[in-house]
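**Student:** Next comes the structure file data-v1.pdb, holding PDB, C-alpha atoms, pLDDT in the B column.
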ATOM      1  CA  MET Z 152     -11.229  59.331  -0.019  1.00 57.00           C
ATOM      2  CA  PHE Z 153      -8.510  58.435  -2.514  1.00 66.00           C
ATOM      3  CA  LEU Z 154      -9.518  59.446  -6.061  1.00 75.00           C
ATOM      4  CA  HIS Z 155     -13.018  60.194  -4.768  1.00 78.00           C
ATOM      5  CA  GLY Z 156     -13.636  56.457  -4.378  1.00 82.00           C
ATOM      6  CA  TYR Z 157     -12.973  55.704  -8.064  1.00 84.00           C
ATOM      7  CA  PHE Z 158      -9.604  53.979  -7.590  1.00 86.00           C
ATOM      8  CA  PRO Z 159     -11.056  50.412  -7.677  1.00 89.00           C
ATOM      9  CA  ALA Z 160     -12.833  51.291 -10.938  1.00 89.00           C
ATOM     10  CA  ILE Z 161      -9.572  52.635 -12.398  1.00 90.00           C
ATOM     11  CA  LEU Z 162      -7.772  49.419 -11.420  1.00 90.00           C
ATOM     12  CA  GLU Z 163     -10.525  47.378 -13.065  1.00 91.00           C
ATOM     13  CA  GLY Z 164     -10.001  49.522 -16.163  1.00 89.00           C
ATOM     14  CA  LEU Z 165      -6.266  48.731 -15.969  1.00 91.00           C
ATOM     15  CA  ARG Z 166      -7.104  45.026 -15.981  1.00 91.00           C
ATOM     16  CA  SER Z 167      -9.204  45.567 -19.106  1.00 90.00           C
ATOM     17  CA  THR Z 168      -6.385  47.538 -20.740  1.00 91.00           C
ATOM     18  CA  LEU Z 169      -3.894  44.728 -20.089  1.00 92.00           C
ATOM     19  CA  LEU Z 170      -6.341  42.118 -21.412  1.00 93.00           C
ATOM     20  CA  ILE Z 171      -6.930  44.204 -24.549  1.00 92.00           C
ATOM     21  CA  SER Z 172      -3.170  44.645 -25.052  1.00 93.00           C
ATOM     22  CA  ALA Z 173      -2.386  40.944 -24.596  1.00 94.00           C
ATOM     23  CA  THR Z 174      -5.196  39.834 -26.925  1.00 94.00           C
ATOM     24  CA  SER Z 175      -4.249  42.412 -29.559  1.00 94.00           C
ATOM     25  CA  LEU Z 176      -0.606  41.341 -29.333  1.00 94.00           C
ATOM     26  CA  SER Z 177      -1.529  37.697 -29.965  1.00 95.00           C
ATOM     27  CA  ILE Z 178      -3.523  38.707 -33.043  1.00 95.00           C
ATOM     28  CA  ALA Z 179      -0.702  41.003 -34.220  1.00 95.00           C
ATOM     29  CA  CYS Z 180       1.853  38.186 -33.880  1.00 94.00           C
ATOM     30  CA  LEU Z 181      -0.360  35.957 -36.018  1.00 95.00           C
ATOM     31  CA  PHE Z 182      -0.678  38.619 -38.730  1.00 96.00           C
ATOM     32  CA  GLY Z 183       3.042  39.388 -38.424  1.00 94.00           C
ATOM     33  CA  LEU Z 184       4.102  35.775 -38.912  1.00 92.00           C
ATOM     34  CA  ILE Z 185       1.749  35.358 -41.872  1.00 94.00           C
ATOM     35  CA  GLY Z 186       2.993  38.611 -43.422  1.00 94.00           C
ATOM     36  CA  ALA Z 187       6.655  37.740 -42.887  1.00 92.00           C
ATOM     37  CA  GLY Z 188       6.080  34.279 -44.324  1.00 90.00           C
ATOM     38  CA  ALA Z 189       4.388  35.794 -47.368  1.00 93.00           C
ATOM     39  CA  LYS Z 190       7.271  38.201 -47.985  1.00 93.00           C
ATOM     40  CA  LEU Z 191       9.864  35.450 -47.674  1.00 89.00           C
ATOM     41  CA  SER Z 192       7.889  32.776 -49.518  1.00 86.00           C
ATOM     42  CA  GLY Z 193       9.184  33.662 -52.968  1.00 84.00           C
ATOM     43  CA  SER Z 194       5.623  33.905 -54.264  1.00 89.00           C
ATOM     44  CA  ARG Z 195       5.114  37.110 -56.237  1.00 92.00           C
ATOM     45  CA  MET Z 196       1.409  37.401 -55.385  1.00 94.00           C
ATOM     46  CA  ALA Z 197       1.896  36.668 -51.688  1.00 92.00           C
ATOM     47  CA  GLY Z 198       4.786  39.142 -51.494  1.00 92.00           C
ATOM     48  CA  LEU Z 199       2.767  41.825 -53.265  1.00 94.00           C
ATOM     49  CA  ALA Z 200      -0.215  41.341 -50.931  1.00 94.00           C
ATOM     50  CA  ALA Z 201       2.066  41.588 -47.880  1.00 94.00           C
ATOM     51  CA  ASP Z 202       3.762  44.707 -49.289  1.00 94.00           C
ATOM     52  CA  VAL Z 203       0.396  46.404 -49.853  1.00 94.00           C
ATOM     53  CA  TYR Z 204      -0.699  45.465 -46.329  1.00 94.00           C
ATOM     54  CA  THR Z 205       2.408  46.794 -44.574  1.00 93.00           C
ATOM     55  CA  THR Z 206       2.723  49.930 -46.714  1.00 93.00           C
ATOM     56  CA  LEU Z 207      -0.926  50.908 -46.307  1.00 90.00           C
ATOM     57  CA  ILE Z 208      -1.108  50.276 -42.566  1.00 90.00           C
ATOM     58  CA  ARG Z 209       2.207  51.945 -41.713  1.00 87.00           C
ATOM     59  CA  GLY Z 210       1.339  54.986 -43.833  1.00 87.00           C
ATOM     60  CA  LEU Z 211      -1.883  55.916 -42.008  1.00 85.00           C
ATOM     61  CA  PRO Z 212      -2.477  57.149 -38.421  1.00 85.00           C
ATOM     62  CA  GLU Z 213      -3.715  54.523 -35.956  1.00 83.00           C
ATOM     63  CA  LEU Z 214      -6.778  56.590 -35.027  1.00 84.00           C
ATOM     64  CA  VAL Z 215      -7.899  56.942 -38.653  1.00 86.00           C
ATOM     65  CA  LEU Z 216      -7.365  53.209 -39.267  1.00 83.00           C
ATOM     66  CA  LEU Z 217      -9.205  52.338 -36.071  1.00 82.00           C
ATOM     67  CA  LEU Z 218     -12.279  54.325 -37.093  1.00 83.00           C
ATOM     68  CA  LEU Z 219     -12.164  53.121 -40.690  1.00 83.00           C
ATOM     69  CA  ILE Z 220     -11.833  49.444 -39.793  1.00 78.00           C
ATOM     70  CA  PHE Z 221     -14.287  49.568 -36.869  1.00 77.00           C
ATOM     71  CA  TYR Z 222     -17.110  51.402 -38.631  1.00 80.00           C
ATOM     72  CA  GLY Z 223     -16.315  50.062 -42.099  1.00 81.00           C
ATOM     73  CA  GLY Z 224     -16.149  46.509 -40.778  1.00 77.00           C
ATOM     74  CA  GLN Z 225     -19.457  46.913 -38.973  1.00 78.00           C
ATOM     75  CA  ILE Z 226     -21.125  48.251 -42.134  1.00 82.00           C
ATOM     76  CA  MET Z 227     -19.712  45.378 -44.204  1.00 82.00           C
ATOM     77  CA  VAL Z 228     -20.745  42.679 -41.704  1.00 79.00           C
ATOM     78  CA  ASN Z 229     -24.270  44.051 -41.421  1.00 79.00           C
ATOM     79  CA  ALA Z 230     -24.590  44.432 -45.194  1.00 83.00           C
ATOM     80  CA  LEU Z 231     -23.651  40.758 -45.633  1.00 82.00           C
ATOM     81  CA  ALA Z 232     -25.960  39.727 -42.785  1.00 78.00           C
ATOM     82  CA  ASP Z 233     -28.840  41.713 -44.269  1.00 80.00           C
ATOM     83  CA  ARG Z 234     -28.279  40.093 -47.648  1.00 83.00           C
ATOM     84  CA  ALA Z 235     -28.352  36.679 -45.988  1.00 81.00           C
ATOM     85  CA  GLY Z 236     -31.500  37.600 -44.035  1.00 79.00           C
ATOM     86  CA  LEU Z 237     -29.795  37.338 -40.634  1.00 74.00           C
ATOM     87  CA  GLY Z 238     -30.763  40.786 -39.350  1.00 72.00           C
ATOM     88  CA  TYR Z 239     -28.605  43.443 -37.662  1.00 71.00           C
ATOM     89  CA  PHE Z 240     -25.436  42.592 -35.751  1.00 71.00           C
ATOM     90  CA  ASP Z 241     -24.084  44.840 -32.998  1.00 72.00           C
ATOM     91  CA  ILE Z 242     -20.361  44.076 -33.031  1.00 74.00           C
ATOM     92  CA  ASN Z 243     -18.783  43.679 -29.597  1.00 78.00           C
ATOM     93  CA  PRO Z 244     -16.373  46.609 -28.968  1.00 79.00           C
ATOM     94  CA  PHE Z 245     -13.781  44.322 -27.326  1.00 85.00           C
ATOM     95  CA  LEU Z 246     -13.726  41.968 -30.296  1.00 84.00           C
ATOM     96  CA  ALA Z 247     -13.686  44.817 -32.810  1.00 81.00           C
ATOM     97  CA  GLY Z 248     -11.042  46.785 -30.904  1.00 85.00           C
ATOM     98  CA  THR Z 249      -8.613  43.905 -30.380  1.00 89.00           C
ATOM     99  CA  LEU Z 250      -8.975  42.694 -33.970  1.00 88.00           C
ATOM    100  CA  THR Z 251      -8.373  46.214 -35.257  1.00 86.00           C
ATOM    101  CA  LEU Z 252      -5.290  46.807 -33.111  1.00 90.00           C
ATOM    102  CA  GLY Z 253      -3.963  43.356 -33.942  1.00 92.00           C
ATOM    103  CA  PHE Z 254      -4.461  43.972 -37.651  1.00 91.00           C
ATOM    104  CA  ILE Z 255      -2.707  47.360 -37.452  1.00 91.00           C
ATOM    105  CA  PHE Z 256       0.302  46.230 -35.429  1.00 94.00           C
ATOM    106  CA  GLY Z 257       0.567  43.015 -37.403  1.00 94.00           C
ATOM    107  CA  ALA Z 258       1.963  45.177 -40.219  1.00 94.00           C
ATOM    108  CA  TYR Z 259       4.761  46.444 -37.979  1.00 94.00           C
ATOM    109  CA  LEU Z 260       5.515  42.971 -36.627  1.00 95.00           C
ATOM    110  CA  THR Z 261       5.633  41.667 -40.200  1.00 95.00           C
ATOM    111  CA  GLU Z 262       8.753  43.750 -40.798  1.00 93.00           C
ATOM    112  CA  THR Z 263      10.139  42.886 -37.359  1.00 94.00           C
ATOM    113  CA  PHE Z 264       9.812  39.140 -37.945  1.00 94.00           C
ATOM    114  CA  ARG Z 265      11.021  39.367 -41.544  1.00 93.00           C
ATOM    115  CA  GLY Z 266      14.158  41.230 -40.474  1.00 92.00           C
ATOM    116  CA  ALA Z 267      14.763  38.769 -37.641  1.00 91.00           C
ATOM    117  CA  ILE Z 268      14.564  35.780 -40.012  1.00 89.00           C
ATOM    118  CA  LEU Z 269      16.854  37.448 -42.549  1.00 89.00           C
ATOM    119  CA  ALA Z 270      19.403  38.027 -39.758  1.00 88.00           C
ATOM    120  CA  ILE Z 271      19.855  34.261 -39.376  1.00 85.00           C
ATOM    121  CA  PRO Z 272      22.776  33.021 -41.482  1.00 83.00           C
ATOM    122  CA  ARG Z 273      21.421  31.049 -44.423  1.00 81.00           C
ATOM    123  CA  GLY Z 274      24.151  28.458 -43.959  1.00 84.00           C
ATOM    124  CA  GLN Z 275      22.465  27.248 -40.779  1.00 81.00           C
ATOM    125  CA  MET Z 276      19.284  26.334 -42.663  1.00 79.00           C
ATOM    126  CA  GLU Z 277      21.339  24.633 -45.364  1.00 82.00           C
ATOM    127  CA  ALA Z 278      23.184  22.697 -42.647  1.00 85.00           C
ATOM    128  CA  GLY Z 279      19.821  21.572 -41.263  1.00 84.00           C
ATOM    129  CA  LYS Z 280      18.844  20.240 -44.680  1.00 83.00           C
ATOM    130  CA  ALA Z 281      22.203  18.487 -44.944  1.00 85.00           C
ATOM    131  CA  TYR Z 282      21.491  16.727 -41.646  1.00 81.00           C
ATOM    132  CA  GLY Z 283      18.227  15.459 -43.087  1.00 83.00           C
ATOM    133  CA  MET Z 284      15.899  17.743 -41.150  1.00 85.00           C
ATOM    134  CA  THR Z 285      12.427  18.432 -42.508  1.00 83.00           C
ATOM    135  CA  GLN Z 286      11.221  21.992 -43.140  1.00 79.00           C
ATOM    136  CA  GLY Z 287       9.190  21.789 -39.914  1.00 79.00           C
ATOM    137  CA  GLN Z 288      12.215  20.705 -37.897  1.00 83.00           C
ATOM    138  CA  ILE Z 289      14.358  23.469 -39.396  1.00 83.00           C
ATOM    139  CA  LEU Z 290      11.665  26.014 -38.537  1.00 80.00           C
ATOM    140  CA  ARG Z 291      11.209  24.714 -34.989  1.00 81.00           C
ATOM    141  CA  ARG Z 292      14.825  24.011 -34.049  1.00 81.00           C
ATOM    142  CA  ILE Z 293      16.823  26.563 -36.024  1.00 82.00           C
ATOM    143  CA  ILE Z 294      14.745  29.469 -37.298  1.00 83.00           C
ATOM    144  CA  LEU Z 295      12.278  30.220 -34.477  1.00 82.00           C
ATOM    145  CA  PRO Z 296      14.728  30.170 -31.510  1.00 81.00           C
ATOM    146  CA  GLN Z 297      17.121  32.544 -33.294  1.00 83.00           C
ATOM    147  CA  MET Z 298      14.333  34.660 -34.748  1.00 85.00           C
ATOM    148  CA  VAL Z 299      13.055  35.395 -31.237  1.00 86.00           C
ATOM    149  CA  ARG Z 300      16.451  36.751 -30.175  1.00 85.00           C
ATOM    150  CA  HIS Z 301      16.692  39.065 -33.174  1.00 88.00           C
ATOM    151  CA  ALA Z 302      13.036  40.123 -32.969  1.00 91.00           C
ATOM    152  CA  ILE Z 303      12.869  41.062 -29.271  1.00 91.00           C
ATOM    153  CA  PRO Z 304      14.099  44.708 -29.632  1.00 90.00           C
ATOM    154  CA  GLY Z 305      11.560  45.500 -32.368  1.00 92.00           C
ATOM    155  CA  PHE Z 306       8.917  43.433 -30.593  1.00 93.00           C
ATOM    156  CA  THR Z 307       9.482  45.468 -27.419  1.00 93.00           C
ATOM    157  CA  ASN Z 308       8.965  48.766 -29.246  1.00 93.00           C
ATOM    158  CA  ASN Z 309       5.749  47.517 -30.855  1.00 93.00           C
ATOM    159  CA  TRP Z 310       4.423  46.211 -27.539  1.00 94.00           C
ATOM    160  CA  LEU Z 311       5.047  49.546 -25.822  1.00 93.00           C
ATOM    161  CA  VAL Z 312       3.339  51.483 -28.610  1.00 92.00           C
ATOM    162  CA  MET Z 313       0.426  49.034 -28.592  1.00 92.00           C
ATOM    163  CA  ILE Z 314      -0.150  49.487 -24.860  1.00 92.00           C
ATOM    164  CA  LYS Z 315      -0.422  53.237 -25.369  1.00 89.00           C
ATOM    165  CA  ALA Z 316      -2.589  52.804 -28.469  1.00 89.00           C
ATOM    166  CA  THR Z 317      -5.239  50.982 -26.412  1.00 89.00           C
ATOM    167  CA  ALA Z 318      -6.214  54.417 -25.114  1.00 87.00           C
ATOM    168  CA  LEU Z 319      -7.687  55.116 -28.566  1.00 86.00           C
ATOM    169  CA  LEU Z 320     -10.210  52.314 -28.106  1.00 85.00           C
ATOM    170  CA  SER Z 321     -12.144  54.372 -25.557  1.00 82.00           C
ATOM    171  CA  ILE Z 322     -13.415  56.336 -28.579  1.00 81.00           C
ATOM    172  CA  ILE Z 323     -15.426  53.321 -29.752  1.00 79.00           C
ATOM    173  CA  GLY Z 324     -16.849  52.740 -26.275  1.00 75.00           C
ATOM    174  CA  LEU Z 325     -14.481  50.115 -24.945  1.00 80.00           C
ATOM    175  CA  ASP Z 326     -14.502  50.065 -21.140  1.00 81.00           C
ATOM    176  CA  ASP Z 327     -10.776  50.492 -20.558  1.00 84.00           C
ATOM    177  CA  MET Z 328      -8.778  52.604 -18.125  1.00 88.00           C
ATOM    178  CA  VAL Z 329      -9.128  55.806 -20.176  1.00 88.00           C
ATOM    179  CA  HIS Z 330     -12.880  55.355 -20.527  1.00 87.00           C
ATOM    180  CA  ARG Z 331     -13.280  54.965 -16.768  1.00 88.00           C
ATOM    181  CA  ALA Z 332     -11.076  57.984 -16.131  1.00 89.00           C
ATOM    182  CA  ASN Z 333     -13.263  60.003 -18.499  1.00 87.00           C
ATOM    183  CA  LEU Z 334     -16.407  59.009 -16.607  1.00 86.00           C
ATOM    184  CA  ALA Z 335     -14.834  59.699 -13.209  1.00 88.00           C
ATOM    185  CA  SER Z 336     -13.444  63.102 -14.235  1.00 87.00           C
ATOM    186  CA  ALA Z 337     -16.819  64.130 -15.688  1.00 86.00           C
ATOM    187  CA  THR Z 338     -18.538  63.235 -12.408  1.00 86.00           C
ATOM    188  CA  THR Z 339     -16.015  64.777 -10.011  1.00 86.00           C
ATOM    189  CA  ARG Z 340     -14.790  67.632 -12.246  1.00 85.00           C
ATOM    190  CA  ALA Z 341     -11.204  66.699 -11.378  1.00 84.00           C
ATOM    191  CA  PRO Z 342      -9.789  65.644 -14.767  1.00 85.00           C
ATOM    192  CA  PHE Z 343      -6.132  66.304 -13.935  1.00 88.00           C
ATOM    193  CA  THR Z 344      -6.242  63.955 -10.948  1.00 89.00           C
ATOM    194  CA  PHE Z 345      -7.562  61.015 -12.934  1.00 89.00           C
ATOM    195  CA  TYR Z 346      -5.517  61.564 -16.084  1.00 90.00           C
ATOM    196  CA  ALA Z 347      -2.337  61.961 -14.026  1.00 91.00           C
ATOM    197  CA  THR Z 348      -3.198  58.705 -12.260  1.00 91.00           C
ATOM    198  CA  ILE Z 349      -3.672  56.695 -15.448  1.00 92.00           C
ATOM    199  CA  ALA Z 350      -0.518  58.305 -16.900  1.00 92.00           C
ATOM    200  CA  GLY Z 351       1.369  56.920 -13.900  1.00 93.00           C
ATOM    201  CA  LEU Z 352      -0.219  53.498 -14.389  1.00 93.00           C
ATOM    202  CA  TYR Z 353       0.713  53.452 -18.084  1.00 93.00           C
ATOM    203  CA  LEU Z 354       4.273  54.423 -17.150  1.00 94.00           C
ATOM    204  CA  ALA Z 355       4.430  51.634 -14.566  1.00 94.00           C
ATOM    205  CA  VAL Z 356       3.210  49.040 -17.095  1.00 94.00           C
ATOM    206  CA  THR Z 357       5.667  50.145 -19.785  1.00 94.00           C
ATOM    207  CA  THR Z 358       8.573  50.241 -17.309  1.00 95.00           C
ATOM    208  CA  ILE Z 359       7.832  46.713 -16.087  1.00 95.00           C
ATOM    209  CA  SER Z 360       7.498  45.575 -19.720  1.00 94.00           C
ATOM    210  CA  ILE Z 361      10.903  47.036 -20.608  1.00 94.00           C
ATOM    211  CA  LEU Z 362      12.528  45.272 -17.651  1.00 95.00           C
ATOM    212  CA  LEU Z 363      10.895  41.901 -18.401  1.00 94.00           C
ATOM    213  CA  LEU Z 364      11.598  41.996 -22.135  1.00 92.00           C
ATOM    214  CA  GLY Z 365      15.167  43.163 -21.453  1.00 90.00           C
ATOM    215  CA  TRP Z 366      15.646  40.129 -19.227  1.00 91.00           C
ATOM    216  CA  LEU Z 367      14.137  37.916 -21.948  1.00 89.00           C
ATOM    217  CA  GLU Z 368      16.534  39.346 -24.536  1.00 86.00           C
ATOM    218  CA  ARG Z 369      19.516  38.628 -22.300  1.00 86.00           C
ATOM    219  CA  ARG Z 370      18.182  35.132 -21.682  1.00 85.00           C
ATOM    220  CA  PHE Z 371      17.969  34.362 -25.402  1.00 79.00           C
ATOM    221  CA  SER Z 372      21.406  35.885 -25.967  1.00 75.00           C
ATOM    222  CA  LEU Z 373      23.226  33.549 -23.583  1.00 69.00           C
ATOM    223  CA  GLY Z 374      26.302  32.143 -25.267  1.00 61.00           C
ATOM    224  CA  VAL Z 375      26.182  34.707 -28.073  1.00 65.00           C
ATOM    225  CA  ARG Z 376      29.315  36.778 -28.431  1.00 62.00           C
ATOM    226  CA  LYS Z 377      28.712  40.459 -29.107  1.00 59.00           C
ATOM    227  CA  VAL Z 378      31.037  42.132 -31.573  1.00 50.00           C
ATOM    228  CA  GLU Z 379      31.986  45.714 -30.689  1.00 52.00           C
ATOM    229  CA  PHE Z 380      33.127  48.126 -33.385  1.00 46.00           C
TER     230      PHE Z 380
END
How does this structure look as structure tokens?

**Tutor:**
Amino acid sequence: MFLHGYFPAILEGLRSTLLISATSLSIACLFGLIGAGAKLSGSRMAGLAADVYTTLIRGLPELVLLLLIFYGGQIMVNALADRAGLGYFDINPFLAGTLTLGFIFGAYLTETFRGAILAIPRGQMEAGKAYGMTQGQILRRIILPQMVRHAIPGFTNNWLVMIKATALLSIIGLDDMVHRANLASATTRAPFTFYATIAGLYLAVTTISILLLGWLERRFSLGVRKVEF
């Protein structure tokens, strides 16, 4: 029997991994946009807070941050709950894991989005103001469409790294593909078979992601002339 009958369980773990990655990416984009906005806002305090956030997160290993935020966050939440007389809270691993990954990769996307916005010629925003556009219209019609085109290469790299980083969440008990492979290999004593299988599945997901995001980049670059040096 293929994979000793554990293949359906591995595929279910793959579904969980993709759900974790997509949820974490949404959270990371939110943190990234807030961070980029803070750095470009002109506010000294907001810029300083964003600088501390990105410098601290990018300077520490993901595994160390994951453990610090997961266990530290749980201790903090339960300390506040105990003070309020609400009792003990057992934080859901999915919620904790996705929030942690989103928070970590939000720091990387902050720089990606900031660089993408800075790549837009300032004259275009000034032209929007001259046409009588509001700040919201300038953001929606001028900044965001062009920001996406400039951000896609960095966004792709962060997405690929995030998919692989989900494997770390098995440490905190999240039922993902790696966790299921661990259980199956412990039962069958065939670790190489299961780890080689999930390695192939990770490679398939990242390859498909590269192809789809490459197509998206070309789509957003239609009508843009590339200058060759």

**Student:** Given the PyMOL selection byres ((chain Z and resi 158-169) around 10) and the file above, list the residues it selects as a PDB file with C-alpha atoms, keeping the file's coordinate frame.

**Tutor:**
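For reference, expr-v7.pdb as written:
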ATOM      1  CA  MET Z 152     -11.229  59.331  -0.019  1.00 57.00           C
ATOM      2  CA  PHE Z 153      -8.510  58.435  -2.514  1.00 66.00           C
ATOM      3  CA  LEU Z 154      -9.518  59.446  -6.061  1.00 75.00           C
ATOM      4  CA  HIS Z 155     -13.018  60.194  -4.768  1.00 78.00           C
ATOM      5  CA  GLY Z 156     -13.636  56.457  -4.378  1.00 82.00           C
ATOM      6  CA  TYR Z 157     -12.973  55.704  -8.064  1.00 84.00           C
ATOM      7  CA  LEU Z 170      -6.341  42.118 -21.412  1.00 93.00           C
ATOM      8  CA  ILE Z 171      -6.930  44.204 -24.549  1.00 92.00           C
ATOM      9  CA  SER Z 172      -3.170  44.645 -25.052  1.00 93.00           C
ATOM     10  CA  ALA Z 173      -2.386  40.944 -24.596  1.00 94.00           C
ATOM     11  CA  THR Z 174      -5.196  39.834 -26.925  1.00 94.00           C
ATOM     12  CA  SER Z 175      -4.249  42.412 -29.559  1.00 94.00           C
ATOM     13  CA  PHE Z 245     -13.781  44.322 -27.326  1.00 85.00           C
ATOM     14  CA  ILE Z 314      -0.150  49.487 -24.860  1.00 92.00           C
ATOM     15  CA  LYS Z 315      -0.422  53.237 -25.369  1.00 89.00           C
ATOM     16  CA  THR Z 317      -5.239  50.982 -26.412  1.00 89.00           C
ATOM     17  CA  ALA Z 318      -6.214  54.417 -25.114  1.00 87.00           C
ATOM     18  CA  LEU Z 320     -10.210  52.314 -28.106  1.00 85.00           C
ATOM     19  CA  LEU Z 325     -14.481  50.115 -24.945  1.00 80.00           C
ATOM     20  CA  ASP Z 326     -14.502  50.065 -21.140  1.00 81.00           C
ATOM     21  CA  ASP Z 327     -10.776  50.492 -20.558  1.00 84.00           C
ATOM     22  CA  MET Z 328      -8.778  52.604 -18.125  1.00 88.00           C
ATOM     23  CA  VAL Z 329      -9.128  55.806 -20.176  1.00 88.00           C
ATOM     24  CA  HIS Z 330     -12.880  55.355 -20.527  1.00 87.00           C
ATOM     25  CA  ARG Z 331     -13.280  54.965 -16.768  1.00 88.00           C
ATOM     26  CA  ALA Z 332     -11.076  57.984 -16.131  1.00 89.00           C
ATOM     27  CA  ALA Z 335     -14.834  59.699 -13.209  1.00 88.00           C
ATOM     28  CA  PHE Z 345      -7.562  61.015 -12.934  1.00 89.00           C
ATOM     29  CA  THR Z 348      -3.198  58.705 -12.260  1.00 91.00           C
ATOM     30  CA  ILE Z 349      -3.672  56.695 -15.448  1.00 92.00           C
ATOM     31  CA  LEU Z 352      -0.219  53.498 -14.389  1.00 93.00           C
ATOM     32  CA  TYR Z 353       0.713  53.452 -18.084  1.00 93.00           C
ATOM     33  CA  VAL Z 356       3.210  49.040 -17.095  1.00 94.00           C
TER      34      VAL Z 356
END

**Student:** Around the point (-9.0, 57.0, -35.2) (coordinates from the file), which residues reach within 12 Å if we count all atoms listed in the file? Answer as a list of chain:residue names.

**Tutor:** Z:Leu211, Z:Pro212, Z:Glu213, Z:Leu214, Z:Val215, Z:Leu216, Z:Leu217, Z:Leu218, Z:Leu219, Z:Ile220, Z:Phe221, Z:Tyr222, Z:Gly248, Z:Thr251, Z:Leu252, Z:Ile255, Z:Ala316, Z:Thr317, Z:Ala318, Z:Leu319, Z:Leu320, Z:Ser321, Z:Ile322, Z:Ile323

**Student:** Atom CA of Z:Phe264 and atom CA of Z:Tyr204, how far apart in Å?

**Tutor:** 14.9 Å

**Student:** Give the answer as one residue: which of Z:Gly305, Z:Gly198, Z:Pro296, Z:Gly365 has the shortest atom-to-atom distance to Z:Gly186, using only C-alpha atoms?

**Tutor:**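 Nearest to Z:Gly186: Z:Gly198.
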
**Student:** Given the PyMOL selection byres ((chain Z and resi 310) around 9) and the file above, list the residues it selects as a list of chain:residue names.

**Tutor:**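 Going through the file, the PyMOL selection byres ((chain Z and resi 310) around 9) ends up selecting Z:Ser172, Z:Leu176, Z:Phe256, Z:Gly305, Z:Phe306, Z:Thr307, Z:Asn308, Z:Asn309, Z:Leu311, Z:Val312, Z:Met313, Z:Ile314, Z:Lys315, Z:Thr357, Z:Ser360.
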
**Student:** Could you tell me how far atom CA of Z:Glu262 lies from atom CA of Z:Trp366, in Å and to one decimal?

**Tutor:**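 Between these atoms lies a distance of 22.9 Å.
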
**Student:** If you apply the PyMOL selection byres ((chain Z and resi 205) around 9) to this file, what residues do you get, as a PyMOL selection string?

**Tutor:** chain Z and resi 186+200-204+206-210+255+257-259+261-262

**Student:** Given 3 Å on each side, where is the centre and what are the edge lengths in Å to one decimal of the axis-aligned box enclosing the listed atoms of stretch 282-297 of chain Z, as JSON?

**Tutor:**
{"center_x": 15.3, "center_y": 24.0, "center_z": -37.3, "size_x": 18.3, "size_y": 23.1, "size_z": 17.6}

**Student:** Mind pulling up the distance from atom CA of Z:Ala302 to atom CA of Z:Ile178?

**Tutor:**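 Between atom CA of Z:Ile178 and atom CA of Z:Ala302 the gap is 16.6 Å.
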
**Student:** I need the residue nearest Z:Asp241 from this list: Z:Thr358, Z:Ile294, Z:Cys180, Z:Asn229. Use all atoms listed in the file for the distance.

**Tutor:** Z:Asn229

**Student:** Using all atoms listed in the file, which protein or nucleic acid residues come within 10 Å of Z:Arg265? Drop anything in the same chain fewer than 3 positions from it, and give the result as a PDB file with C-alpha atoms, in the coordinates of the input.

**Tutor:**
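Result written to selection_27.pdb:
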ATOM      1  CA  GLY Z 183       3.042  39.388 -38.424  1.00 94.00           C
ATOM      2  CA  LEU Z 184       4.102  35.775 -38.912  1.00 92.00           C
ATOM      3  CA  GLY Z 186       2.993  38.611 -43.422  1.00 94.00           C
ATOM      4  CA  ALA Z 187       6.655  37.740 -42.887  1.00 92.00           C
ATOM      5  CA  GLY Z 188       6.080  34.279 -44.324  1.00 90.00           C
ATOM      6  CA  ALA Z 189       4.388  35.794 -47.368  1.00 93.00           C
ATOM      7  CA  LYS Z 190       7.271  38.201 -47.985  1.00 93.00           C
ATOM      8  CA  LEU Z 191       9.864  35.450 -47.674  1.00 89.00           C
ATOM      9  CA  LEU Z 260       5.515  42.971 -36.627  1.00 95.00           C
ATOM     10  CA  THR Z 261       5.633  41.667 -40.200  1.00 95.00           C
ATOM     11  CA  GLU Z 262       8.753  43.750 -40.798  1.00 93.00           C
ATOM     12  CA  ILE Z 268      14.564  35.780 -40.012  1.00 89.00           C
ATOM     13  CA  LEU Z 269      16.854  37.448 -42.549  1.00 89.00           C
ATOM     14  CA  ALA Z 270      19.403  38.027 -39.758  1.00 88.00           C
ATOM     15  CA  MET Z 298      14.333  34.660 -34.748  1.00 85.00           C
ATOM     16  CA  ALA Z 302      13.036  40.123 -32.969  1.00 91.00           C
TER      17      ALA Z 302
END
